[in-house]
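Student: My file is upload_31.pdb. It has PDB, C-alpha atoms, pLDDT in the B column:
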```pdb
ATOM      1  CA  MET B 100     -36.419   1.335 -59.425  1.00 89.00           C
ATOM      2  CA  LYS B 101     -34.505  -0.761 -61.936  1.00 97.00           C
ATOM      3  CA  ALA B 102     -36.604  -3.353 -63.774  1.00 98.00           C
ATOM      4  CA  ALA B 103     -35.988  -5.789 -66.623  1.00 98.00           C
ATOM      5  CA  VAL B 104     -38.287  -7.502 -69.110  1.00 98.00           C
ATOM      6  CA  ILE B 105     -36.914 -10.690 -70.691  1.00 98.00           C
ATOM      7  CA  THR B 106     -37.614 -11.410 -74.372  1.00 98.00           C
ATOM      8  CA  PHE B 107     -37.463 -14.944 -75.760  1.00 97.00           C
ATOM      9  CA  PRO B 108     -37.861 -15.994 -79.408  1.00 95.00           C
ATOM     10  CA  GLY B 109     -41.638 -16.005 -79.771  1.00 95.00           C
ATOM     11  CA  SER B 110     -42.444 -13.603 -76.937  1.00 97.00           C
ATOM     12  CA  ASN B 111     -45.301 -11.353 -78.020  1.00 95.00           C
ATOM     13  CA  CYS B 112     -46.303  -9.616 -74.802  1.00 97.00           C
ATOM     14  CA  ASP B 113     -42.902  -8.206 -73.891  1.00 97.00           C
ATOM     15  CA  ARG B 114     -43.809  -4.751 -75.176  1.00 97.00           C
ATOM     16  CA  ASP B 115     -47.122  -4.823 -73.278  1.00 97.00           C
ATOM     17  CA  MET B 116     -45.232  -5.713 -70.113  1.00 98.00           C
ATOM     18  CA  ALA B 117     -42.624  -3.013 -70.675  1.00 98.00           C
ATOM     19  CA  VAL B 118     -45.337  -0.390 -71.248  1.00 98.00           C
ATOM     20  CA  ALA B 119     -47.145  -1.420 -68.060  1.00 98.00           C
ATOM     21  CA  VAL B 120     -43.956  -1.265 -66.002  1.00 98.00           C
ATOM     22  CA  GLU B 121     -43.066   2.169 -67.356  1.00 98.00           C
ATOM     23  CA  LYS B 122     -46.553   3.620 -66.965  1.00 97.00           C
ATOM     24  CA  ILE B 123     -46.871   2.500 -63.351  1.00 97.00           C
ATOM     25  CA  SER B 124     -43.298   2.858 -62.097  1.00 96.00           C
ATOM     26  CA  GLY B 125     -42.471   5.945 -64.145  1.00 95.00           C
ATOM     27  CA  LYS B 126     -39.283   4.397 -65.505  1.00 96.00           C
ATOM     28  CA  ALA B 127     -38.755   2.298 -68.616  1.00 98.00           C
ATOM     29  CA  PRO B 128     -37.464  -1.208 -67.913  1.00 98.00           C
ATOM     30  CA  ILE B 129     -34.317  -2.640 -69.447  1.00 98.00           C
ATOM     31  CA  ARG B 130     -35.108  -5.003 -72.306  1.00 98.00           C
ATOM     32  CA  VAL B 131     -33.041  -8.184 -71.944  1.00 98.00           C
ATOM     33  CA  TRP B 132     -32.556 -10.780 -74.696  1.00 97.00           C
ATOM     34  CA  HIS B 133     -32.809 -14.433 -73.706  1.00 96.00           C
ATOM     35  CA  GLY B 134     -29.356 -15.182 -75.110  1.00 95.00           C
ATOM     36  CA  ASP B 135     -27.588 -12.708 -72.836  1.00 95.00           C
ATOM     37  CA  ALA B 136     -25.270 -14.399 -70.372  1.00 91.00           C
ATOM     38  CA  ALA B 137     -26.296 -12.324 -67.371  1.00 95.00           C
ATOM     39  CA  LEU B 138     -28.818  -9.800 -66.146  1.00 98.00           C
ATOM     40  CA  PRO B 139     -27.818  -6.187 -65.528  1.00 96.00           C
ATOM     41  CA  ASP B 140     -26.548  -5.468 -62.031  1.00 96.00           C
ATOM     42  CA  GLY B 141     -28.781  -3.965 -59.383  1.00 96.00           C
ATOM     43  CA  LEU B 142     -32.172  -5.100 -60.660  1.00 97.00           C
ATOM     44  CA  ASP B 143     -35.188  -4.602 -58.395  1.00 97.00           C
ATOM     45  CA  PHE B 144     -37.778  -6.431 -60.521  1.00 98.00           C
ATOM     46  CA  ILE B 145     -37.802  -8.977 -63.356  1.00 98.00           C
ATOM     47  CA  ALA B 146     -40.721  -9.824 -65.647  1.00 98.00           C
ATOM     48  CA  LEU B 147     -41.047 -12.850 -67.922  1.00 98.00           C
ATOM     49  CA  PRO B 148     -43.781 -11.992 -70.445  1.00 98.00           C
ATOM     50  CA  GLY B 149     -46.368 -13.980 -72.340  1.00 97.00           C
ATOM     51  CA  GLY B 150     -46.124 -15.362 -75.823  1.00 96.00           C
ATOM     52  CA  PHE B 151     -45.058 -18.614 -77.420  1.00 94.00           C
ATOM     53  CA  SER B 152     -41.345 -18.969 -76.719  1.00 94.00           C
ATOM     54  CA  TYR B 153     -39.717 -21.267 -79.262  1.00 91.00           C
ATOM     55  CA  GLY B 154     -43.155 -21.836 -80.769  1.00 89.00           C
ATOM     56  CA  ASP B 155     -44.190 -23.896 -77.725  1.00 86.00           C
ATOM     57  CA  TYR B 156     -42.215 -26.813 -79.163  1.00 83.00           C
ATOM     58  CA  LEU B 157     -41.441 -29.725 -76.822  1.00 81.00           C
ATOM     59  CA  ARG B 158     -43.504 -28.216 -73.988  1.00 88.00           C
ATOM     60  CA  SER B 159     -44.597 -24.635 -73.442  1.00 92.00           C
ATOM     61  CA  GLY B 160     -41.702 -22.852 -71.740  1.00 94.00           C
ATOM     62  CA  ALA B 161     -39.414 -25.888 -71.677  1.00 93.00           C
ATOM     63  CA  MET B 162     -36.884 -24.620 -74.204  1.00 94.00           C
ATOM     64  CA  ALA B 163     -36.962 -21.044 -72.884  1.00 95.00           C
ATOM     65  CA  ALA B 164     -36.200 -22.390 -69.402  1.00 95.00           C
ATOM     66  CA  LYS B 165     -32.812 -23.511 -70.784  1.00 95.00           C
ATOM     67  CA  SER B 166     -31.964 -20.119 -72.290  1.00 96.00           C
ATOM     68  CA  PRO B 167     -28.663 -18.636 -71.040  1.00 96.00           C
ATOM     69  CA  ILE B 168     -30.388 -15.778 -69.206  1.00 98.00           C
ATOM     70  CA  MET B 169     -32.469 -18.104 -67.046  1.00 98.00           C
ATOM     71  CA  GLN B 170     -29.556 -19.166 -64.846  1.00 97.00           C
ATOM     72  CA  SER B 171     -29.100 -15.512 -63.937  1.00 98.00           C
ATOM     73  CA  VAL B 172     -32.870 -15.161 -63.335  1.00 98.00           C
ATOM     74  CA  ILE B 173     -32.791 -18.176 -61.006  1.00 98.00           C
ATOM     75  CA  GLU B 174     -29.812 -16.806 -59.085  1.00 98.00           C
ATOM     76  CA  THR B 175     -31.345 -13.335 -58.819  1.00 98.00           C
ATOM     77  CA  ALA B 176     -34.669 -14.748 -57.608  1.00 98.00           C
ATOM     78  CA  GLY B 177     -32.704 -16.703 -55.008  1.00 98.00           C
ATOM     79  CA  ARG B 178     -31.472 -13.406 -53.613  1.00 97.00           C
ATOM     80  CA  GLY B 179     -35.055 -12.268 -53.079  1.00 97.00           C
ATOM     81  CA  VAL B 180     -35.550 -10.019 -56.113  1.00 98.00           C
ATOM     82  CA  PRO B 181     -39.225 -10.066 -57.223  1.00 98.00           C
ATOM     83  CA  VAL B 182     -39.883 -12.064 -60.399  1.00 98.00           C
ATOM     84  CA  LEU B 183     -43.215 -12.015 -62.229  1.00 98.00           C
ATOM     85  CA  GLY B 184     -44.006 -14.600 -64.901  1.00 98.00           C
ATOM     86  CA  VAL B 185     -47.200 -14.111 -66.893  1.00 98.00           C
ATOM     87  CA  CYS B 186     -48.738 -16.755 -69.175  1.00 98.00           C
ATOM     88  CA  ASN B 187     -45.733 -18.148 -71.076  1.00 98.00           C
ATOM     89  CA  GLY B 188     -43.627 -16.601 -68.321  1.00 98.00           C
ATOM     90  CA  PHE B 189     -45.480 -18.754 -65.775  1.00 98.00           C
ATOM     91  CA  GLN B 190     -44.751 -21.796 -67.929  1.00 98.00           C
ATOM     92  CA  VAL B 191     -41.060 -20.868 -68.014  1.00 98.00           C
ATOM     93  CA  LEU B 192     -41.000 -20.492 -64.230  1.00 98.00           C
ATOM     94  CA  THR B 193     -42.390 -23.992 -63.692  1.00 98.00           C
ATOM     95  CA  GLU B 194     -40.100 -25.520 -66.308  1.00 97.00           C
ATOM     96  CA  SER B 195     -37.067 -23.849 -64.706  1.00 97.00           C
ATOM     97  CA  GLY B 196     -37.992 -25.107 -61.240  1.00 98.00           C
ATOM     98  CA  LEU B 197     -38.652 -21.682 -59.744  1.00 98.00           C
ATOM     99  CA  LEU B 198     -42.280 -22.716 -59.198  1.00 98.00           C
ATOM    100  CA  PRO B 199     -43.779 -26.182 -58.661  1.00 98.00           C
ATOM    101  CA  GLY B 200     -46.217 -27.966 -60.951  1.00 98.00           C
ATOM    102  CA  ALA B 201     -46.773 -27.728 -64.687  1.00 98.00           C
ATOM    103  CA  LEU B 202     -49.038 -26.000 -67.195  1.00 97.00           C
ATOM    104  CA  MET B 203     -50.831 -28.511 -69.422  1.00 97.00           C
ATOM    105  CA  ARG B 204     -53.110 -28.256 -72.460  1.00 95.00           C
ATOM    106  CA  ASN B 205     -56.455 -26.618 -71.664  1.00 97.00           C
ATOM    107  CA  ILE B 206     -59.303 -28.993 -71.042  1.00 94.00           C
ATOM    108  CA  GLY B 207     -61.188 -29.413 -74.301  1.00 90.00           C
ATOM    109  CA  GLN B 208     -57.948 -28.761 -76.252  1.00 91.00           C
ATOM    110  CA  THR B 209     -59.047 -25.208 -77.039  1.00 94.00           C
ATOM    111  CA  TYR B 210     -57.322 -21.832 -77.027  1.00 95.00           C
ATOM    112  CA  ILE B 211     -59.101 -19.459 -74.638  1.00 96.00           C
ATOM    113  CA  CYS B 212     -59.021 -15.683 -75.070  1.00 97.00           C
ATOM    114  CA  ARG B 213     -61.386 -13.652 -72.893  1.00 97.00           C
ATOM    115  CA  THR B 214     -61.597 -11.723 -69.646  1.00 98.00           C
ATOM    116  CA  VAL B 215     -62.216 -13.894 -66.599  1.00 98.00           C
ATOM    117  CA  PRO B 216     -63.035 -13.237 -62.939  1.00 98.00           C
ATOM    118  CA  LEU B 217     -60.303 -14.064 -60.428  1.00 98.00           C
ATOM    119  CA  VAL B 218     -60.545 -14.356 -56.664  1.00 98.00           C
ATOM    120  CA  VAL B 219     -57.644 -12.817 -54.735  1.00 98.00           C
ATOM    121  CA  GLU B 220     -56.655 -15.597 -52.349  1.00 98.00           C
ATOM    122  CA  ASN B 221     -53.648 -13.943 -50.714  1.00 97.00           C
ATOM    123  CA  SER B 222     -53.466 -10.207 -50.139  1.00 97.00           C
ATOM    124  CA  GLN B 223     -50.357 -10.387 -47.952  1.00 96.00           C
ATOM    125  CA  SER B 224     -47.758 -10.944 -50.672  1.00 97.00           C
ATOM    126  CA  LEU B 225     -45.612  -8.212 -52.168  1.00 96.00           C
ATOM    127  CA  PHE B 226     -47.542  -8.679 -55.443  1.00 98.00           C
ATOM    128  CA  THR B 227     -51.043  -8.470 -53.955  1.00 98.00           C
ATOM    129  CA  SER B 228     -50.905  -6.090 -50.974  1.00 97.00           C
ATOM    130  CA  ARG B 229     -53.127  -3.516 -52.699  1.00 97.00           C
ATOM    131  CA  TYR B 230     -55.917  -6.060 -53.178  1.00 98.00           C
ATOM    132  CA  GLU B 231     -58.425  -7.206 -50.592  1.00 97.00           C
ATOM    133  CA  ALA B 232     -58.419 -10.909 -49.788  1.00 97.00           C
ATOM    134  CA  GLY B 233     -61.522 -12.584 -51.170  1.00 97.00           C
ATOM    135  CA  SER B 234     -62.228  -9.817 -53.665  1.00 98.00           C
ATOM    136  CA  THR B 235     -62.975 -10.600 -57.298  1.00 98.00           C
ATOM    137  CA  ILE B 236     -61.067  -8.899 -60.090  1.00 98.00           C
ATOM    138  CA  CYS B 237     -61.352  -9.219 -63.869  1.00 98.00           C
ATOM    139  CA  ILE B 238     -58.211  -9.954 -65.892  1.00 98.00           C
ATOM    140  CA  PRO B 239     -57.791 -11.109 -69.529  1.00 98.00           C
ATOM    141  CA  ILE B 240     -56.443 -14.546 -70.416  1.00 98.00           C
ATOM    142  CA  ALA B 241     -55.086 -15.791 -73.746  1.00 97.00           C
ATOM    143  CA  HIS B 242     -53.603 -19.280 -73.635  1.00 97.00           C
ATOM    144  CA  HIS B 243     -53.739 -22.818 -74.941  1.00 95.00           C
ATOM    145  CA  ASP B 244     -51.699 -24.454 -72.182  1.00 96.00           C
ATOM    146  CA  GLY B 245     -52.919 -22.905 -68.952  1.00 97.00           C
ATOM    147  CA  ASN B 246     -54.248 -25.983 -67.163  1.00 98.00           C
ATOM    148  CA  TYR B 247     -52.303 -25.966 -63.872  1.00 98.00           C
ATOM    149  CA  PHE B 248     -51.325 -29.400 -62.602  1.00 98.00           C
ATOM    150  CA  ALA B 249     -49.490 -30.582 -59.495  1.00 98.00           C
ATOM    151  CA  ASP B 250     -49.704 -33.662 -57.298  1.00 98.00           C
ATOM    152  CA  ALA B 251     -52.023 -33.634 -54.296  1.00 98.00           C
ATOM    153  CA  GLU B 252     -49.196 -33.126 -51.808  1.00 98.00           C
ATOM    154  CA  THR B 253     -47.920 -30.079 -53.664  1.00 98.00           C
ATOM    155  CA  LEU B 254     -51.417 -28.630 -53.986  1.00 98.00           C
ATOM    156  CA  ASP B 255     -52.060 -29.088 -50.273  1.00 98.00           C
ATOM    157  CA  GLN B 256     -48.754 -27.420 -49.451  1.00 98.00           C
ATOM    158  CA  LEU B 257     -49.512 -24.467 -51.731  1.00 98.00           C
ATOM    159  CA  GLU B 258     -52.911 -24.060 -50.084  1.00 98.00           C
ATOM    160  CA  GLY B 259     -51.587 -24.525 -46.551  1.00 98.00           C
ATOM    161  CA  ASP B 260     -48.749 -22.043 -47.010  1.00 98.00           C
ATOM    162  CA  GLY B 261     -51.002 -19.401 -48.565  1.00 98.00           C
ATOM    163  CA  ARG B 262     -49.111 -19.590 -51.837  1.00 98.00           C
ATOM    164  CA  VAL B 263     -52.177 -19.629 -54.084  1.00 98.00           C
ATOM    165  CA  ALA B 264     -52.283 -15.964 -55.072  1.00 98.00           C
ATOM    166  CA  PHE B 265     -55.213 -16.054 -57.507  1.00 98.00           C
ATOM    167  CA  ARG B 266     -57.948 -18.542 -58.263  1.00 98.00           C
ATOM    168  CA  TYR B 267     -60.392 -18.587 -61.167  1.00 98.00           C
ATOM    169  CA  ALA B 268     -63.847 -17.700 -59.860  1.00 98.00           C
ATOM    170  CA  GLU B 269     -65.298 -20.228 -62.302  1.00 97.00           C
ATOM    171  CA  PRO B 270     -63.952 -23.232 -64.229  1.00 96.00           C
ATOM    172  CA  VAL B 271     -61.831 -21.932 -67.119  1.00 97.00           C
ATOM    173  CA  ASN B 272     -59.200 -24.324 -68.407  1.00 98.00           C
ATOM    174  CA  GLY B 273     -59.237 -27.403 -66.181  1.00 97.00           C
ATOM    175  CA  SER B 274     -56.694 -26.080 -63.663  1.00 98.00           C
ATOM    176  CA  GLN B 275     -56.679 -28.098 -60.475  1.00 98.00           C
ATOM    177  CA  ARG B 276     -58.562 -26.294 -57.711  1.00 98.00           C
ATOM    178  CA  ASN B 277     -59.081 -23.485 -60.252  1.00 98.00           C
ATOM    179  CA  ILE B 278     -55.583 -22.185 -59.530  1.00 98.00           C
ATOM    180  CA  ALA B 279     -54.652 -19.188 -61.680  1.00 98.00           C
ATOM    181  CA  GLY B 280     -51.476 -17.968 -59.960  1.00 98.00           C
ATOM    182  CA  ILE B 281     -49.015 -19.201 -57.351  1.00 98.00           C
ATOM    183  CA  LEU B 282     -46.081 -17.919 -55.301  1.00 98.00           C
ATOM    184  CA  ASN B 283     -42.774 -19.544 -54.461  1.00 98.00           C
ATOM    185  CA  ALA B 284     -41.895 -20.379 -50.858  1.00 98.00           C
ATOM    186  CA  GLY B 285     -40.065 -17.068 -50.448  1.00 98.00           C
ATOM    187  CA  GLY B 286     -43.004 -15.057 -51.760  1.00 98.00           C
ATOM    188  CA  ASN B 287     -40.874 -13.149 -54.279  1.00 98.00           C
ATOM    189  CA  VAL B 288     -41.747 -15.180 -57.395  1.00 98.00           C
ATOM    190  CA  LEU B 289     -45.275 -15.059 -58.821  1.00 98.00           C
ATOM    191  CA  GLY B 290     -46.481 -17.036 -61.814  1.00 98.00           C
ATOM    192  CA  MET B 291     -49.955 -16.467 -63.227  1.00 98.00           C
ATOM    193  CA  MET B 292     -51.745 -17.273 -66.474  1.00 98.00           C
ATOM    194  CA  PRO B 293     -53.970 -14.143 -66.641  1.00 98.00           C
ATOM    195  CA  HIS B 294     -52.405 -10.953 -68.040  1.00 98.00           C
ATOM    196  CA  PRO B 295     -52.412  -8.072 -65.509  1.00 98.00           C
ATOM    197  CA  GLU B 296     -50.353  -5.941 -67.916  1.00 98.00           C
ATOM    198  CA  ARG B 297     -53.365  -5.898 -70.255  1.00 97.00           C
ATOM    199  CA  ALA B 298     -55.600  -4.491 -67.518  1.00 98.00           C
ATOM    200  CA  ILE B 299     -53.898  -1.353 -66.243  1.00 97.00           C
ATOM    201  CA  GLU B 300     -56.187   1.306 -67.769  1.00 96.00           C
ATOM    202  CA  ASP B 301     -59.937   1.596 -68.147  1.00 94.00           C
ATOM    203  CA  GLU B 302     -59.339   2.523 -71.791  1.00 91.00           C
ATOM    204  CA  LEU B 303     -58.026  -1.023 -72.279  1.00 85.00           C
ATOM    205  CA  GLY B 304     -61.227  -2.506 -70.899  1.00 91.00           C
ATOM    206  CA  GLY B 305     -60.364  -2.559 -67.209  1.00 96.00           C
ATOM    207  CA  SER B 306     -57.714  -1.605 -64.672  1.00 98.00           C
ATOM    208  CA  ASP B 307     -57.874  -4.448 -62.153  1.00 98.00           C
ATOM    209  CA  GLY B 308     -54.320  -5.513 -63.009  1.00 98.00           C
ATOM    210  CA  ARG B 309     -52.839  -2.176 -62.048  1.00 98.00           C
ATOM    211  CA  ALA B 310     -52.823  -2.917 -58.314  1.00 98.00           C
ATOM    212  CA  LEU B 311     -50.513  -5.883 -58.842  1.00 98.00           C
ATOM    213  CA  PHE B 312     -47.778  -3.667 -60.245  1.00 98.00           C
ATOM    214  CA  GLU B 313     -48.495  -0.945 -57.687  1.00 98.00           C
ATOM    215  CA  SER B 314     -48.159  -3.528 -54.926  1.00 98.00           C
ATOM    216  CA  VAL B 315     -44.726  -4.735 -55.923  1.00 97.00           C
ATOM    217  CA  PHE B 316     -43.360  -1.308 -56.846  1.00 97.00           C
ATOM    218  CA  GLU B 317     -44.646   0.149 -53.582  1.00 94.00           C
ATOM    219  CA  SER B 318     -42.922  -2.650 -51.650  1.00 91.00           C
ATOM    220  CA  LEU B 319     -39.665  -1.815 -53.414  1.00 89.00           C
ATOM    221  CA  SER B 320     -39.944   1.886 -52.618  1.00 79.00           C
ATOM    222  CA  VAL B 321     -40.233   1.230 -48.881  1.00 55.00           C
ATOM    223  CA  ALA B 322     -37.744  -1.650 -48.688  1.00 49.00           C
TER     224      ALA B 322
END
```
Turn the structure described in the file into structure tokens.
Tutor:
Amino acid sequence: MKAAVITFPGSNCDRDMAVAVEKISGKAPIRVWHGDAALPDGLDFIALPGGFSYGDYLRSGAMAAKSPIMQSVIETAGRGVPVLGVCNGFQVLTESGLLPGALMRNIGQTYICRTVPLVVENSQSLFTSRYEAGSTICIPIAHHDGNYFADAETLDQLEGDGRVAFRYAEPVNGSQRNIAGILNAGGNVLGMMPHPERAIEDELGGSDGRALFESVFESLSVA
């Protein structure tokens, strides 16, 4: 498997993501700088990590979405390659148009950093096949702008198409319908605010995030 982790100015979870990918897949990912003109050939998986790209100026993820590498990410996602965006990566995915909606300031204007319960809404995607639908998992969050917003029509479409991957089991940040993670129409792009890469080993406080990576890497091995 050939994976890549994108680093933007202000990314601070890129190493965490790279470690998770290597530990679970057995192979270190390629580290790609946001200013590169193109992704390496033959990628099987792309991860956009958390952090505060460009200091969250303008809007979280808005400037990173215009980075040179993102055109290549968009084109590669269009060919069906799995793309995972976590926290700031989720914000970049919405700002680039790969996912609908927007991530707004948390309700109460506060930064939230704790482990939260998530309900697995869709266990049929390539990112969630090793979870059981309706099960509750515990994953850390750390964000200031994680309040998911979309218009009613978009929300209904996401729900109707089974594209809500994860939902907060309790109110967390004001996200509409407690949405914590969504899929694109093709099912190969997942954006989520919680950090599965921080929950891959019990020594880190929990391993409920491990199955997400196992799901997508397993799907690649049998493709």
Student: Quote the spacing between atom CA of B:Ile105 and atom CA of B:Arg204 in Å to one decimal place.
Tutor: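 Answer for the atom CA of B:Ile105 to atom CA of B:Arg204 separation: 24.0 Å.
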Student: Taking into account all atoms listed in the file, which residue in the set B:Gln208, B:Asn277, B:Thr253, B:Thr106 is nearest to B:Arg130?
Tutor: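 Using all atoms listed in the file, B:Arg130 sits closest to B:Thr106.
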Student: I'd like the interatomic distance between atom CA of B:Leu225 and atom CA of B:Gly280, to a tenth of an Å.
Tutor: 13.8 Å
Student: May I ask for the distance between atom CA of B:Ala264 and atom CA of B:Val131, given in Å to one decimal place?
Tutor: 26.7 Å
Student: Translate the PyMOL selection byres ((chain B and resi 109-126) around 10), as applied to the file shown, into an explicit residue set as a compact mmCIF listing (two decimals) with C-alpha atoms, in the coordinates of the input.
Tutor:
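Contents of the output file part-v9.txt:
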```
# COMPACT_ATOMS: atom_id res chain seq x y z
CA MET B 100 -36.42 1.34 -59.42
CA LYS B 101 -34.51 -0.76 -61.94
CA ALA B 102 -36.60 -3.35 -63.77
CA ALA B 103 -35.99 -5.79 -66.62
CA VAL B 104 -38.29 -7.50 -69.11
CA ILE B 105 -36.91 -10.69 -70.69
CA THR B 106 -37.61 -11.41 -74.37
CA PHE B 107 -37.46 -14.94 -75.76
CA PRO B 108 -37.86 -15.99 -79.41
CA ALA B 127 -38.76 2.30 -68.62
CA PRO B 128 -37.46 -1.21 -67.91
CA ILE B 129 -34.32 -2.64 -69.45
CA ARG B 130 -35.11 -5.00 -72.31
CA PHE B 144 -37.78 -6.43 -60.52
CA ALA B 146 -40.72 -9.82 -65.65
CA LEU B 147 -41.05 -12.85 -67.92
CA PRO B 148 -43.78 -11.99 -70.44
CA GLY B 149 -46.37 -13.98 -72.34
CA GLY B 150 -46.12 -15.36 -75.82
CA PHE B 151 -45.06 -18.61 -77.42
CA SER B 152 -41.34 -18.97 -76.72
CA TYR B 153 -39.72 -21.27 -79.26
CA GLY B 154 -43.16 -21.84 -80.77
CA ASP B 155 -44.19 -23.90 -77.72
CA ALA B 163 -36.96 -21.04 -72.88
CA VAL B 185 -47.20 -14.11 -66.89
CA CYS B 186 -48.74 -16.76 -69.18
CA ASN B 187 -45.73 -18.15 -71.08
CA GLY B 188 -43.63 -16.60 -68.32
CA HIS B 294 -52.40 -10.95 -68.04
CA PRO B 295 -52.41 -8.07 -65.51
CA GLU B 296 -50.35 -5.94 -67.92
CA ARG B 297 -53.36 -5.90 -70.26
CA ALA B 298 -55.60 -4.49 -67.52
CA ILE B 299 -53.90 -1.35 -66.24
CA GLU B 300 -56.19 1.31 -67.77
CA GLY B 308 -54.32 -5.51 -63.01
CA ARG B 309 -52.84 -2.18 -62.05
CA ALA B 310 -52.82 -2.92 -58.31
CA PHE B 312 -47.78 -3.67 -60.24
CA GLU B 313 -48.50 -0.94 -57.69
CA VAL B 315 -44.73 -4.74 -55.92
CA PHE B 316 -43.36 -1.31 -56.85
CA GLU B 317 -44.65 0.15 -53.58
```
